[in-house]
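Source file: start_27.cif; contents: mmCIF, C-alpha atoms and all ligand atoms.
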data_work
loop_
_atom_site.label_atom_id
_atom_site.label_comp_id
_atom_site.auth_asym_id
_atom_site.auth_seq_id
_atom_site.Cartn_x
_atom_site.Cartn_y
_atom_site.Cartn_z
CA MET U 34 -10.58 19.47 -13.60
CA THR U 35 -13.22 16.78 -14.12
CA PHE U 36 -12.98 13.36 -15.75
CA ASN U 37 -14.67 14.94 -18.78
CA ASP U 38 -11.51 16.95 -19.43
CA LEU U 39 -9.44 13.76 -19.68
CA ASP U 40 -10.98 12.51 -22.92
CA LEU U 41 -12.12 9.24 -21.51
CA ILE U 42 -14.36 6.95 -23.50
CA ASN U 43 -17.98 6.61 -22.52
CA PRO U 44 -17.83 3.12 -20.95
CA LEU U 45 -15.13 4.37 -18.57
CA MET U 46 -17.02 7.56 -17.76
CA ARG U 47 -20.10 5.53 -16.88
CA ALA U 48 -18.12 3.18 -14.67
CA LEU U 49 -16.45 6.07 -12.86
CA GLY U 50 -19.88 7.60 -12.31
CA ASP U 51 -21.08 4.28 -10.84
CA ALA U 52 -18.05 4.24 -8.54
CA GLY U 53 -19.05 7.69 -7.30
CA TYR U 54 -15.88 9.41 -8.51
CA THR U 55 -16.61 13.02 -9.33
CA LYS U 56 -13.18 14.40 -10.07
CA PRO U 57 -9.72 12.96 -10.67
CA THR U 58 -7.22 12.92 -7.83
CA PRO U 59 -3.96 14.83 -8.46
CA VAL U 60 -2.06 11.74 -9.60
CA GLN U 61 -4.88 10.82 -11.97
CA GLU U 62 -5.01 14.34 -13.36
CA LYS U 63 -1.28 14.31 -14.04
CA ALA U 64 -0.82 10.74 -15.17
CA ILE U 65 -3.86 9.87 -17.28
CA PRO U 66 -3.16 12.19 -20.27
CA HIS U 67 0.44 10.92 -20.61
CA VAL U 68 -0.51 7.29 -20.28
CA LEU U 69 -3.26 7.76 -22.86
CA ALA U 70 -0.63 9.32 -25.14
CA GLY U 71 1.47 6.16 -24.84
CA ARG U 72 4.34 7.69 -22.88
CA ASP U 73 6.47 5.82 -20.38
CA MET U 74 6.05 7.20 -16.90
CA VAL U 75 7.66 7.17 -13.51
CA ALA U 76 5.26 8.26 -10.81
CA CYS U 77 6.06 9.00 -7.23
CA ALA U 78 2.77 8.33 -5.48
CA GLN U 79 1.77 6.27 -2.50
CA THR U 80 -1.23 4.05 -1.88
CA GLY U 81 -4.24 6.18 -1.01
CA THR U 82 -3.62 8.81 -3.67
CA GLY U 83 -5.75 7.06 -6.29
CA LYS U 84 -2.78 5.65 -8.16
CA THR U 85 -4.50 2.38 -9.09
CA ALA U 86 -7.07 4.25 -11.14
CA ALA U 87 -4.31 6.53 -12.47
CA PHE U 88 -2.84 3.60 -14.38
CA SER U 89 -5.86 1.28 -14.73
CA ILE U 90 -8.18 3.76 -16.44
CA PRO U 91 -5.84 4.84 -19.27
CA VAL U 92 -4.53 1.29 -19.72
CA LEU U 93 -8.10 0.03 -20.15
CA GLN U 94 -8.82 2.80 -22.65
CA ASN U 95 -5.64 2.20 -24.68
CA LEU U 96 -6.25 -1.54 -24.84
CA GLN U 97 -9.84 -0.97 -25.87
CA ASN U 98 -8.78 1.43 -28.62
CA SER U 99 -5.84 -0.59 -29.94
CA GLY U 100 -6.23 -3.01 -32.80
CA ASN U 101 -4.74 -6.06 -31.08
CA LYS U 102 -7.87 -7.32 -29.42
CA ARG U 103 -7.37 -10.99 -30.20
CA LYS U 104 -3.97 -11.29 -28.52
CA ASN U 105 -3.43 -12.83 -25.10
CA ILE U 106 -1.93 -10.84 -22.18
CA ARG U 107 -1.53 -7.35 -23.53
CA ALA U 108 -0.93 -5.67 -20.19
CA LEU U 109 0.86 -6.89 -17.08
CA ILE U 110 0.49 -5.22 -13.70
CA LEU U 111 3.11 -6.46 -11.30
CA THR U 112 2.51 -5.71 -7.63
CA PRO U 113 4.23 -6.96 -4.47
CA THR U 114 1.45 -8.51 -2.41
CA ARG U 115 -1.51 -10.77 -2.88
CA GLU U 116 -3.88 -8.30 -1.24
CA LEU U 117 -2.77 -5.52 -3.52
CA ALA U 118 -3.08 -7.81 -6.56
CA ILE U 119 -6.63 -8.74 -5.59
CA GLN U 120 -7.53 -5.11 -5.05
CA ILE U 121 -6.11 -4.03 -8.39
CA GLU U 122 -8.14 -6.71 -10.13
CA GLN U 123 -11.24 -5.52 -8.28
CA SER U 124 -10.52 -2.00 -9.50
CA LEU U 125 -10.19 -3.29 -13.09
CA THR U 126 -13.53 -5.04 -12.69
CA SER U 127 -15.12 -1.85 -11.45
CA TYR U 128 -13.60 0.59 -13.97
CA GLY U 129 -13.84 -1.86 -16.86
CA LYS U 130 -17.38 -3.06 -16.20
CA TYR U 131 -18.73 -1.67 -19.47
CA LEU U 132 -15.76 -2.82 -21.56
CA PRO U 133 -15.27 -6.27 -23.10
CA LEU U 134 -11.68 -6.56 -21.80
CA ARG U 135 -10.85 -9.63 -19.72
CA HIS U 136 -8.46 -9.85 -16.82
CA ALA U 137 -7.08 -12.31 -14.33
CA VAL U 138 -5.02 -12.20 -11.19
CA VAL U 139 -2.30 -14.64 -10.13
CA TYR U 140 -0.67 -14.82 -6.71
CA GLY U 141 0.83 -17.53 -4.56
CA GLY U 142 -0.53 -19.35 -1.53
CA VAL U 143 -3.55 -20.77 -3.35
CA SER U 144 -4.03 -23.42 -6.03
CA GLN U 145 -2.76 -22.35 -9.43
CA ASN U 146 -5.38 -24.32 -11.40
CA PRO U 147 -8.23 -21.78 -11.49
CA GLN U 148 -5.70 -19.06 -12.32
CA VAL U 149 -4.22 -21.09 -15.18
CA SER U 150 -7.59 -22.02 -16.62
CA LYS U 151 -8.68 -18.38 -16.65
CA ILE U 152 -5.49 -17.36 -18.49
CA ARG U 153 -5.99 -20.19 -21.01
CA LYS U 154 -9.39 -18.82 -21.95
CA GLY U 155 -7.68 -15.59 -23.03
CA ILE U 156 -7.15 -12.39 -21.09
CA ASP U 157 -6.13 -8.85 -21.91
CA ILE U 158 -4.73 -7.81 -18.54
CA LEU U 159 -2.85 -9.89 -16.02
CA VAL U 160 -2.34 -8.70 -12.45
CA ALA U 161 0.40 -10.69 -10.73
CA THR U 162 2.74 -10.98 -7.82
CA PRO U 163 6.29 -11.79 -8.91
CA GLY U 164 6.74 -15.27 -7.41
CA ARG U 165 3.61 -16.89 -8.86
CA LEU U 166 4.14 -15.12 -12.18
CA LEU U 167 7.65 -16.55 -12.58
CA ASP U 168 6.39 -19.93 -11.48
CA LEU U 169 3.63 -19.97 -14.10
CA MET U 170 5.99 -18.60 -16.75
CA GLY U 171 8.45 -21.37 -15.91
CA GLN U 172 5.71 -23.95 -16.37
CA GLY U 173 4.83 -22.47 -19.75
CA HIS U 174 1.37 -21.25 -18.73
CA ILE U 175 2.14 -17.58 -19.22
CA HIS U 176 3.74 -15.96 -22.27
CA LEU U 177 4.37 -12.26 -22.37
CA SER U 178 5.43 -11.86 -25.99
CA ASN U 179 2.27 -9.90 -26.89
CA LEU U 180 2.69 -7.44 -24.07
CA GLU U 181 1.92 -3.81 -24.90
CA VAL U 182 1.95 -2.30 -21.41
CA PHE U 183 3.92 -3.14 -18.30
CA VAL U 184 2.98 -1.54 -14.98
CA LEU U 185 5.37 -1.95 -12.08
CA ASP U 186 3.42 -1.04 -8.99
CA GLU U 187 4.94 -0.20 -5.59
CA ALA U 188 8.49 -0.62 -6.87
CA ASP U 189 10.03 0.43 -3.55
CA ARG U 190 8.02 -2.24 -1.75
CA MET U 191 9.32 -4.83 -4.19
CA LEU U 192 12.76 -3.81 -3.02
CA ASP U 193 11.75 -3.90 0.66
CA MET U 194 10.29 -7.34 0.34
CA GLY U 195 13.27 -8.81 -1.48
CA PHE U 196 11.41 -9.24 -4.80
CA ILE U 197 13.57 -6.98 -6.89
CA ASN U 198 15.51 -9.84 -8.50
CA ASP U 199 12.27 -11.57 -9.40
CA VAL U 200 11.14 -8.31 -10.97
CA ARG U 201 14.36 -8.14 -12.97
CA LYS U 202 13.77 -11.69 -14.23
CA VAL U 203 10.30 -10.74 -15.43
CA ILE U 204 11.59 -7.60 -17.13
CA LYS U 205 14.15 -9.64 -19.08
CA VAL U 206 11.47 -11.51 -20.98
CA LEU U 207 9.26 -8.54 -21.83
CA PRO U 208 9.12 -7.36 -25.44
CA LYS U 209 11.37 -4.36 -26.00
CA LYS U 210 8.63 -2.36 -27.66
CA ARG U 211 6.11 -1.62 -24.94
CA GLN U 212 4.82 1.12 -22.70
CA THR U 213 6.15 1.01 -19.15
CA LEU U 214 4.73 2.71 -16.08
CA LEU U 215 6.56 2.62 -12.79
CA PHE U 216 4.87 3.62 -9.53
CA SER U 217 6.69 3.99 -6.26
CA ALA U 218 5.99 5.84 -3.01
CA THR U 219 9.67 6.59 -2.54
CA MET U 220 12.57 6.64 -4.98
CA PRO U 221 15.57 4.95 -3.41
CA GLY U 222 18.73 4.77 -5.56
CA GLU U 223 18.09 1.20 -6.67
CA ILE U 224 14.65 2.10 -7.98
CA GLN U 225 16.04 5.13 -9.78
CA ASP U 226 18.62 2.87 -11.45
CA LEU U 227 15.95 0.39 -12.40
CA ALA U 228 13.82 3.19 -13.82
CA LYS U 229 16.71 4.38 -15.97
CA LYS U 230 17.08 0.95 -17.55
CA LEU U 231 13.40 0.16 -17.79
CA LEU U 232 11.83 3.32 -19.12
CA TYR U 233 12.17 5.20 -22.39
CA LYS U 234 12.11 8.99 -22.04
CA PRO U 235 9.65 8.78 -19.17
CA VAL U 236 7.34 11.54 -18.07
CA LYS U 237 7.92 12.17 -14.40
CA VAL U 238 4.86 12.57 -12.25
CA GLU U 239 5.11 13.49 -8.62
CA VAL U 240 2.10 14.15 -6.50
CA THR U 241 1.96 15.72 -3.07
CA PRO U 242 4.64 13.75 -1.32
CA PRO U 243 3.59 11.25 1.32
CA SER U 244 4.83 13.46 4.13
CA THR U 245 2.28 16.07 3.16
CA THR U 246 -0.51 13.52 2.74
CA VAL U 247 0.27 12.52 6.26
CA GLU U 248 -0.46 16.06 7.40
CA LYS U 249 -4.16 15.32 7.35
CA ILE U 250 -3.72 12.58 9.89
CA ASP U 251 -3.83 13.28 13.60
CA GLN U 252 -0.63 11.66 14.83
CA SER U 253 -0.14 11.06 18.52
CA LEU U 254 2.40 9.24 20.61
CA TYR U 255 2.20 7.44 23.92
CA TYR U 256 5.39 6.59 25.76
CA THR U 257 4.89 3.37 27.68
CA ASN U 258 6.70 0.24 28.83
CA ARG U 259 6.74 -2.73 26.54
CA PRO U 260 4.73 -5.04 28.87
CA ASP U 261 2.03 -2.38 29.28
CA LYS U 262 1.33 -1.87 25.58
CA ARG U 263 -1.54 -4.33 25.37
CA LYS U 264 -3.27 -2.82 28.39
CA LEU U 265 -2.75 0.67 26.99
CA LEU U 266 -4.28 -0.45 23.70
CA VAL U 267 -7.37 -1.81 25.45
CA HIS U 268 -7.59 1.37 27.53
CA LEU U 269 -7.51 3.61 24.46
CA LEU U 270 -9.92 1.50 22.44
CA LYS U 271 -12.39 1.79 25.31
CA GLU U 272 -11.69 5.38 26.26
CA LYS U 273 -12.00 6.69 22.73
CA ASP U 274 -14.87 4.32 21.95
CA ILE U 275 -13.09 3.21 18.80
CA GLY U 276 -15.37 1.15 16.59
CA SER U 277 -12.73 -0.11 14.21
CA ALA U 278 -8.96 -0.03 14.16
CA LEU U 279 -5.98 -1.50 12.39
CA VAL U 280 -3.14 -2.36 14.77
CA PHE U 281 0.39 -2.92 13.50
CA THR U 282 2.82 -5.22 15.24
CA ARG U 283 6.32 -6.02 14.20
CA THR U 284 6.10 -9.80 14.27
CA LYS U 285 3.60 -12.51 13.41
CA HIS U 286 3.82 -13.89 16.92
CA GLY U 287 3.23 -10.41 18.34
CA ALA U 288 0.15 -9.99 16.14
CA ASP U 289 -1.32 -13.26 17.43
CA LYS U 290 -0.62 -12.32 21.04
CA VAL U 291 -2.22 -8.91 20.73
CA ALA U 292 -5.28 -10.35 18.95
CA ARG U 293 -5.71 -12.95 21.71
CA PHE U 294 -5.38 -10.31 24.43
CA LEU U 295 -7.97 -8.12 22.75
CA SER U 296 -10.36 -11.03 22.32
CA LYS U 297 -10.06 -11.82 26.02
CA ALA U 298 -10.78 -8.17 26.77
CA GLY U 299 -14.05 -8.49 24.84
CA PHE U 300 -13.09 -7.06 21.44
CA LYS U 301 -13.81 -8.81 18.18
CA ALA U 302 -10.21 -9.02 17.04
CA THR U 303 -8.22 -11.14 14.67
CA ALA U 304 -4.65 -11.24 13.35
CA ILE U 305 -3.43 -11.38 9.75
CA HIS U 306 0.12 -12.21 8.80
CA GLY U 307 2.21 -14.30 6.46
CA ASN U 308 1.63 -17.56 8.38
CA LYS U 309 -2.10 -17.41 7.76
CA SER U 310 -3.44 -18.95 4.59
CA GLN U 311 -4.55 -16.63 1.84
CA ASN U 312 -8.15 -17.65 2.45
CA ALA U 313 -7.87 -16.88 6.16
CA ARG U 314 -6.39 -13.48 5.35
CA GLN U 315 -9.09 -12.67 2.84
CA LYS U 316 -11.78 -13.78 5.28
CA ALA U 317 -10.32 -11.62 8.05
CA LEU U 318 -10.16 -8.64 5.71
CA GLY U 319 -13.72 -9.22 4.54
CA ASP U 320 -14.97 -9.54 8.13
CA PHE U 321 -13.16 -6.34 9.02
CA LYS U 322 -14.62 -4.46 6.06
CA ARG U 323 -18.11 -5.70 6.95
CA SER U 324 -17.53 -4.73 10.62
CA LYS U 325 -17.87 -8.32 11.82
CA ILE U 326 -14.57 -7.79 13.54
CA SER U 327 -13.56 -4.46 14.97
CA VAL U 328 -9.80 -4.76 15.41
CA LEU U 329 -7.47 -6.19 12.81
CA VAL U 330 -3.95 -6.84 14.07
CA ALA U 331 -1.48 -7.06 11.23
CA THR U 332 2.16 -7.23 10.30
CA ASP U 333 3.33 -4.81 7.64
CA ILE U 334 3.42 -7.14 4.72
CA ALA U 335 0.08 -8.72 5.48
CA ALA U 336 -1.49 -5.28 5.77
CA ARG U 337 -0.03 -3.97 2.55
CA GLY U 338 -2.74 -2.94 0.17
CA ILE U 339 -5.54 -2.94 2.69
CA ASP U 340 -7.98 -0.45 1.32
CA ILE U 341 -10.76 0.41 3.69
CA ASP U 342 -12.30 3.78 3.02
CA GLU U 343 -13.78 4.29 6.46
CA LEU U 344 -10.76 3.34 8.52
CA SER U 345 -10.22 6.10 11.04
CA TYR U 346 -7.70 4.63 13.50
CA VAL U 347 -4.31 3.07 12.96
CA PHE U 348 -2.24 1.96 15.95
CA ASN U 349 1.49 1.47 15.77
CA PHE U 350 1.67 -1.02 18.60
CA ASP U 351 5.33 -1.42 17.66
CA LEU U 352 7.11 1.32 15.82
CA PRO U 353 8.52 0.05 12.53
CA ASP U 354 12.33 -0.24 12.12
CA VAL U 355 12.13 1.47 8.75
CA ALA U 356 10.83 5.03 8.98
CA GLU U 357 9.05 4.96 5.59
CA THR U 358 6.96 2.06 6.84
CA TYR U 359 5.41 4.46 9.34
CA VAL U 360 4.11 6.57 6.47
CA HIS U 361 2.82 3.51 4.63
CA ARG U 362 1.06 2.33 7.77
CA ILE U 363 -0.64 5.53 8.69
CA GLY U 364 -1.62 6.03 5.06
CA ARG U 365 -4.22 3.31 5.73
CA THR U 366 -6.25 6.02 7.42
CA GLY U 367 -7.11 9.52 6.24
CA ARG U 368 -7.96 8.14 2.79
CA ALA U 369 -9.70 10.06 0.05
CA GLY U 370 -9.69 13.31 1.99
CA ASN U 371 -11.10 11.87 5.24
CA ASP U 372 -9.54 12.62 8.58
CA GLY U 373 -7.75 9.86 10.36
CA SER U 374 -5.85 9.19 13.56
CA ALA U 375 -2.58 7.39 13.97
CA ILE U 376 -1.63 6.43 17.51
CA SER U 377 1.89 5.18 18.17
CA PHE U 378 3.36 3.49 21.21
CA CYS U 379 7.01 3.97 21.99
CA ASP U 380 8.78 1.84 24.59
CA PRO U 381 12.26 2.57 25.99
CA ASN U 382 13.93 0.48 23.27
CA GLN U 383 12.26 2.24 20.39
CA LYS U 384 13.52 5.78 20.76
CA SER U 385 15.87 5.56 17.81
CA GLU U 386 13.03 4.34 15.57
CA LEU U 387 10.95 7.27 16.78
CA LYS U 388 13.77 9.65 15.98
CA GLY U 389 14.02 8.26 12.45
CA ILE U 390 10.27 8.66 11.90
CA GLN U 391 10.19 12.24 13.17
CA LYS U 392 13.17 13.09 10.99
CA LEU U 393 11.51 11.61 7.93
CA ILE U 394 8.19 13.39 8.38
CA ASN U 395 10.03 16.47 9.58
CA ASN U 396 7.60 16.84 12.42
CA ARG U 397 7.20 15.74 16.00
CA LEU U 398 4.41 13.43 16.98
CA ASN U 399 2.00 14.86 19.50
CA VAL U 400 2.97 13.29 22.84
CA LEU U 401 0.02 12.44 25.07
CA SER U 402 1.16 11.74 28.59
CA GLU U 403 -2.17 11.59 30.41
CA HIS U 404 -2.69 7.84 30.52
CA PRO U 405 -2.50 5.07 33.12
CA TYR U 406 0.60 3.28 31.73
CA PRO U 407 3.39 5.86 31.45
CA MET U 408 6.92 4.82 30.64
CA THR U 409 8.86 4.13 33.80
CA ASP U 410 11.82 2.17 32.44
CA SER U 411 13.40 5.22 30.94
CA GLU U 412 16.23 7.08 32.66
CA GLU U 413 15.12 10.27 31.00
CA PRO U 414 11.34 10.65 31.19
CA PRO U 415 10.14 12.01 27.88
CA LYS U 416 8.65 15.47 27.76
CA ALA U 417 5.15 16.01 26.48
CA SER U 418 5.03 18.23 23.44
CA GLY U 419 2.38 20.38 25.04
CA GLU U 420 0.27 20.47 21.92
CA ARG U 421 -2.96 18.58 22.04
CA GLY U 422 -5.10 17.68 19.10
CA LYS U 423 -3.68 17.45 15.61
CA GLY U 424 0.04 16.91 15.27
CA ARG U 425 0.29 19.22 12.35
CA GLY U 426 2.87 21.66 13.74
CA ARG U 427 5.30 22.76 11.07
CA LYS U 428 4.67 22.02 7.48
CA PRO U 429 6.64 18.91 6.60
CA LYS U 430 9.28 19.34 3.97
CA ARG U 431 9.35 17.32 0.78
CA ASN U 432 11.94 15.01 2.13
CA PHE U 433 10.86 11.63 0.82
CA LYS U 434 13.31 11.29 -1.97
CA ARG U 435 16.39 11.95 0.05
CA ARG U 436 17.29 8.42 0.98
CA SER U 437 19.90 6.79 -1.18
CA SER U 438 20.32 3.08 -1.81
CA GLY U 439 17.95 1.84 0.85
CA SER U 440 20.21 -0.64 2.59
CA LYS U 441 18.36 -0.25 5.87
CA ARG U 442 15.01 -0.75 4.25
CA ARG U 443 15.70 -4.32 3.53
CA SER U 444 15.99 -5.07 7.22
CA GLY U 445 12.18 -4.91 7.25
CA GLY U 446 12.05 -7.73 4.73
CA ARG U 447 9.88 -10.72 4.42
CA SER U 448 11.37 -12.85 7.19
CA LYS U 449 9.48 -10.90 9.81
CA ASN U 450 6.14 -11.08 8.14
P1 LIG U 501 -5.32 3.85 -4.33
O1 LIG U 501 -4.32 4.94 -4.10
O2 LIG U 501 -5.33 3.40 -5.75
O3 LIG U 501 -5.13 2.73 -3.35
O4 LIG U 501 -6.80 4.45 -4.08
C1 LIG U 501 -7.23 4.86 -2.81
C2 LIG U 501 -8.74 4.97 -2.69
O5 LIG U 501 -9.22 6.10 -3.38
C3 LIG U 501 -9.52 3.79 -3.26
O6 LIG U 501 -10.50 3.45 -2.29
C4 LIG U 501 -10.17 4.30 -4.50
O7 LIG U 501 -11.40 3.65 -4.74
C5 LIG U 501 -10.36 5.77 -4.17
N1 LIG U 501 -10.33 6.65 -5.36
C6 LIG U 501 -9.46 6.58 -6.41
N2 LIG U 501 -9.70 7.56 -7.28
C7 LIG U 501 -10.73 8.28 -6.81
C8 LIG U 501 -11.44 9.44 -7.28
N3 LIG U 501 -11.11 10.06 -8.41
N4 LIG U 501 -12.46 9.90 -6.52
C9 LIG U 501 -12.79 9.28 -5.36
N5 LIG U 501 -12.16 8.20 -4.85
C10 LIG U 501 -11.14 7.70 -5.57
#
Once you've parsed the file, please lay out its structure as structure tokens.
Ligand code: AMP
Amino acid sequence: MTFNDLDLINPLMRALGDAGYTKPTPVQEKAIPHVLAGRDMVACAQTGTGKTAAFSIPVLQNLQNSGNKRKNIRALILTPTRELAIQIEQSLTSYGKYLPLRHAVVYGGVSQNPQVSKIRKGIDILVATPGRLLDLMGQGHIHLSNLEVFVLDEADRMLDMGFINDVRKVIKVLPKKRQTLLFSATMPGEIQDLAKKLLYKPVKVEVTPPSTTVEKIDQSLYYTNRPDKRKLLVHLLKEKDIGSALVFTRTKHGADKVARFLSKAGFKATAIHGNKSQNARQKALGDFKRSKISVLVATDIAARGIDIDELSYVFNFDLPDVAETYVHRIGRTGRAGNDGSAISFCDPNQKSELKGIQKLINNRLNVLSEHPYPMTDSEEPPKASGERGKGRGRKPKRNFKRRSSGSKRRSGGRSKN
């Protein structure tokens, strides 16, 4: 299938051509016709599958073709993080470059004044994070009574980050007659319940589940002691001559420490996390994208939404407590059909996290034991898997939707990031 088969209007086709897109990704192929037809939709798709374009392109087309062009805020895209919000707005700018539709983005951590003045001038599409949106609604700067389309992006992350009640508050004030699109990488019970209330006869779209997307990524594991992790990281960055890498730590403090250690070892490294100002985070991201820095050390929430096409290495310096987070993290690499490598460190206290991850992806990570900092604190030395190269072993099962209400997920909430 090509974009031509999707009945897109010329200004969108030209913009997609400029962006270098030749054919729709699976989620775009499945979602775009239904969204164009005005249907509600629940889509199970993770970041990296092209889901932003899957909703942005048909929403732009529908708004352009509808007769309500003079009304303010006709579409709302609600997304959990500032980085994701900024990226979605950039995508709207790119796909909508030949259309007269106006958009704005609102998120916290920066002055509200430029955001408010842009909205006052009149916009068609608003991209927002929940906190700032509610704040501006409370102050009377944002009214959603003209809304035609509501997109809830990364619904499971909203739950993880403790935003689900804010989302519910937003939903309460939306006009009843509207089109609603819900995107989520996983479908925990709470999101399924929300979907039931929020959507009217939704089309269900499910693309290759994340566990299969992850297949393309070379996943390896190094057992080591906690105090040796930083040295092991430096060793691997040098040994593999890694030009650019994203390193995940569990805490903000940990991210700072690792970035400092790397800087001392001669790498251009910086940390991003929730304690850094939005401007500092954007600058770090920009420097990373432009290769001014080679290693970005991030906590999960700060890294959410990072979209760097060329990223080939992700390090799990700390394994995440929530297994799904592993999939989100390593999904930063291996984008748009490229190969990627995910390297995880496991210390003696993280074996249960490792077990959870391997159960979720229904595969074992490829243990690499030839390195100078092996785990010595363990009573039971881990066995190497024997397989080198790609950790692709058995084909992972479609096991992402199994989890029920997600009580454990919330342990990875915003306090840590
Ligand atoms: P997303 O899942 O929305 O975060 O998109 C992941 C990446 O895929 C982004 O860098 C997009 O620019 C890119 N992308 C989205 N759709 C296409 C397409 N049809 N062809 C090529 N790249 C795409």
Record the distance separating CA of Gln391 (chain U) and atom O1 of ligand LIG 501 (chain U), expressed in Å with one decimal.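 About the pair CA of Gln391 (chain U) and atom O1 of ligand LIG 501 (chain U): they are 23.7 Å apart.
Atom pair CA of Ile224 (chain U) / CA of Val60 (chain U) has a distance of 19.4 Å (rounded to one decimal).
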Considering all atoms listed in the file, return as a PyMOL selection string whatever protein or nucleic-acid residues lie within 10 Å of Thr282 (chain U), sequence-local ones (same chain, fewer than 6 positions apart) excluded. chain U and resi 288-291+304+306+330-333+348-353+450
Exercise answer, 6 Å around ligand LIG 501 (chain U) with only C-alpha atoms and all ligand atoms, as a ChimeraX atom specification: /U:54-58,80-86,340,342,369
Just to confirm, what's the straight-line distance from CA of Met408 (chain U) to CA of Lys271 (chain U) in Å (one decimal)? 20.3 Å
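For the choices U:Ser217, U:Thr112, U:Thr35, U:Asn258, the atom-to-atom distance to Asn382 (chain U) is smallest for U:Asn258 when using all atoms listed in the file.
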Give me the residues within 8 Å of Val267 (chain U) as number ranges by chain, counting all atoms listed in the file and dropping any in the same chain fewer than 4 places off. U: 263, 271, 295, 298
Residues within 9 Å of (1.7, -15.4, -12.3), file coords, all atoms listed in the file, listed as a PDB file with C-alpha atoms, keeping the file's coordinate frame:
ATOM      1  CA  VAL U 138      -5.020 -12.200 -11.190  1.00  0.00           C
ATOM      2  CA  VAL U 139      -2.300 -14.640 -10.130  1.00  0.00           C
ATOM      3  CA  TYR U 140      -0.670 -14.820  -6.710  1.00  0.00           C
ATOM      4  CA  GLY U 141       0.830 -17.530  -4.560  1.00  0.00           C
ATOM      5  CA  GLN U 145      -2.760 -22.350  -9.430  1.00  0.00           C
ATOM      6  CA  GLN U 148      -5.700 -19.060 -12.320  1.00  0.00           C
ATOM      7  CA  VAL U 149      -4.220 -21.090 -15.180  1.00  0.00           C
ATOM      8  CA  LEU U 159      -2.850  -9.890 -16.020  1.00  0.00           C
ATOM      9  CA  VAL U 160      -2.340  -8.700 -12.450  1.00  0.00           C
ATOM     10  CA  ALA U 161       0.400 -10.690 -10.730  1.00  0.00           C
ATOM     11  CA  THR U 162       2.740 -10.980  -7.820  1.00  0.00           C
ATOM     12  CA  PRO U 163       6.290 -11.790  -8.910  1.00  0.00           C
ATOM     13  CA  GLY U 164       6.740 -15.270  -7.410  1.00  0.00           C
ATOM     14  CA  ARG U 165       3.610 -16.890  -8.860  1.00  0.00           C
ATOM     15  CA  LEU U 166       4.140 -15.120 -12.180  1.00  0.00           C
ATOM     16  CA  LEU U 167       7.650 -16.550 -12.580  1.00  0.00           C
ATOM     17  CA  ASP U 168       6.390 -19.930 -11.480  1.00  0.00           C
ATOM     18  CA  LEU U 169       3.630 -19.970 -14.100  1.00  0.00           C
ATOM     19  CA  MET U 170       5.990 -18.600 -16.750  1.00  0.00           C
ATOM     20  CA  HIS U 174       1.370 -21.250 -18.730  1.00  0.00           C
ATOM     21  CA  ILE U 175       2.140 -17.580 -19.220  1.00  0.00           C
TER      22      ILE U 175
END
Once you count all atoms listed in the file, which residues end up no further than 6 Å from (-9.2, 7.0, 13.1) in the file's frame, shown as a PDB file with C-alpha atoms, in the frame of the given file?
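Wrote result25.pdb, looks like this:
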ATOM      1  CA  SER U 345     -10.220   6.100  11.040  1.00  0.00           C
ATOM      2  CA  TYR U 346      -7.700   4.630  13.500  1.00  0.00           C
ATOM      3  CA  GLY U 373      -7.750   9.860  10.360  1.00  0.00           C
ATOM      4  CA  SER U 374      -5.850   9.190  13.560  1.00  0.00           C
TER       5      SER U 374
END
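Nearest to Asp372 (chain U) of all the residues U:Leu344, U:Val75, U:Ile334, U:Ile204 is U:Leu344, based on all atoms listed in the file.
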Near-Glu187 (chain U) list (8 Å; all atoms listed in the file; drop same-chain fewer than 3 positions) as a ChimeraX atom specification: /U:79,112-113,190-191,215-218
Grab the residues selected above and save them as a JSON list (two decimals), in the coordinates of the input with C-alpha atoms.
[["chain", "number", "residue", "atom", "x", "y", "z"],
["U", 79, "GLN", "CA", 1.77, 6.27, -2.50],
["U", 112, "THR", "CA", 2.51, -5.71, -7.63],
["U", 113, "PRO", "CA", 4.23, -6.96, -4.47],
["U", 190, "ARG", "CA", 8.02, -2.24, -1.75],
["U", 191, "MET", "CA", 9.32, -4.83, -4.19],
["U", 215, "LEU", "CA", 6.56, 2.62, -12.79],
["U", 216, "PHE", "CA", 4.87, 3.62, -9.53],
["U", 217, "SER", "CA", 6.69, 3.99, -6.26],
["U", 218, "ALA", "CA", 5.99, 5.84, -3.01]]
Test item: residues at most 10 Å from Ser327 (chain U), only C-alpha atoms, excluding those fewer than 2 positions along its chain, as number ranges by chain: U: 275-279, 300-303, 320-325, 329-330
Which residues, written as a PyMOL selection string, have at least one atom at most 10 Å from Gln225 (chain U), with only C-alpha atoms counted and residues fewer than 3 positions away on the same chain left out? chain U and resi 75+188-189+219-222+228-231+437-438
Grab region 103-114 of chain U from that structure and dump C-alpha atoms to a file, as a compact mmCIF listing (two decimals), in the first residue's frame.
# COMPACT_ATOMS: atom_id res chain seq x y z
CA ARG U 103 -13.63 29.69 12.09
CA LYS U 104 -13.98 27.91 15.43
CA ASN U 105 -11.26 27.81 18.07
CA ILE U 106 -9.71 24.52 19.28
CA ARG U 107 -11.32 21.87 17.13
CA ALA U 108 -8.92 19.09 18.03
CA LEU U 109 -7.14 18.29 21.28
CA ILE U 110 -4.19 15.91 21.48
CA LEU U 111 -3.45 15.01 25.07
CA THR U 112 -0.08 13.40 25.73
CA PRO U 113 1.77 12.64 28.96
CA THR U 114 5.10 14.45 28.61
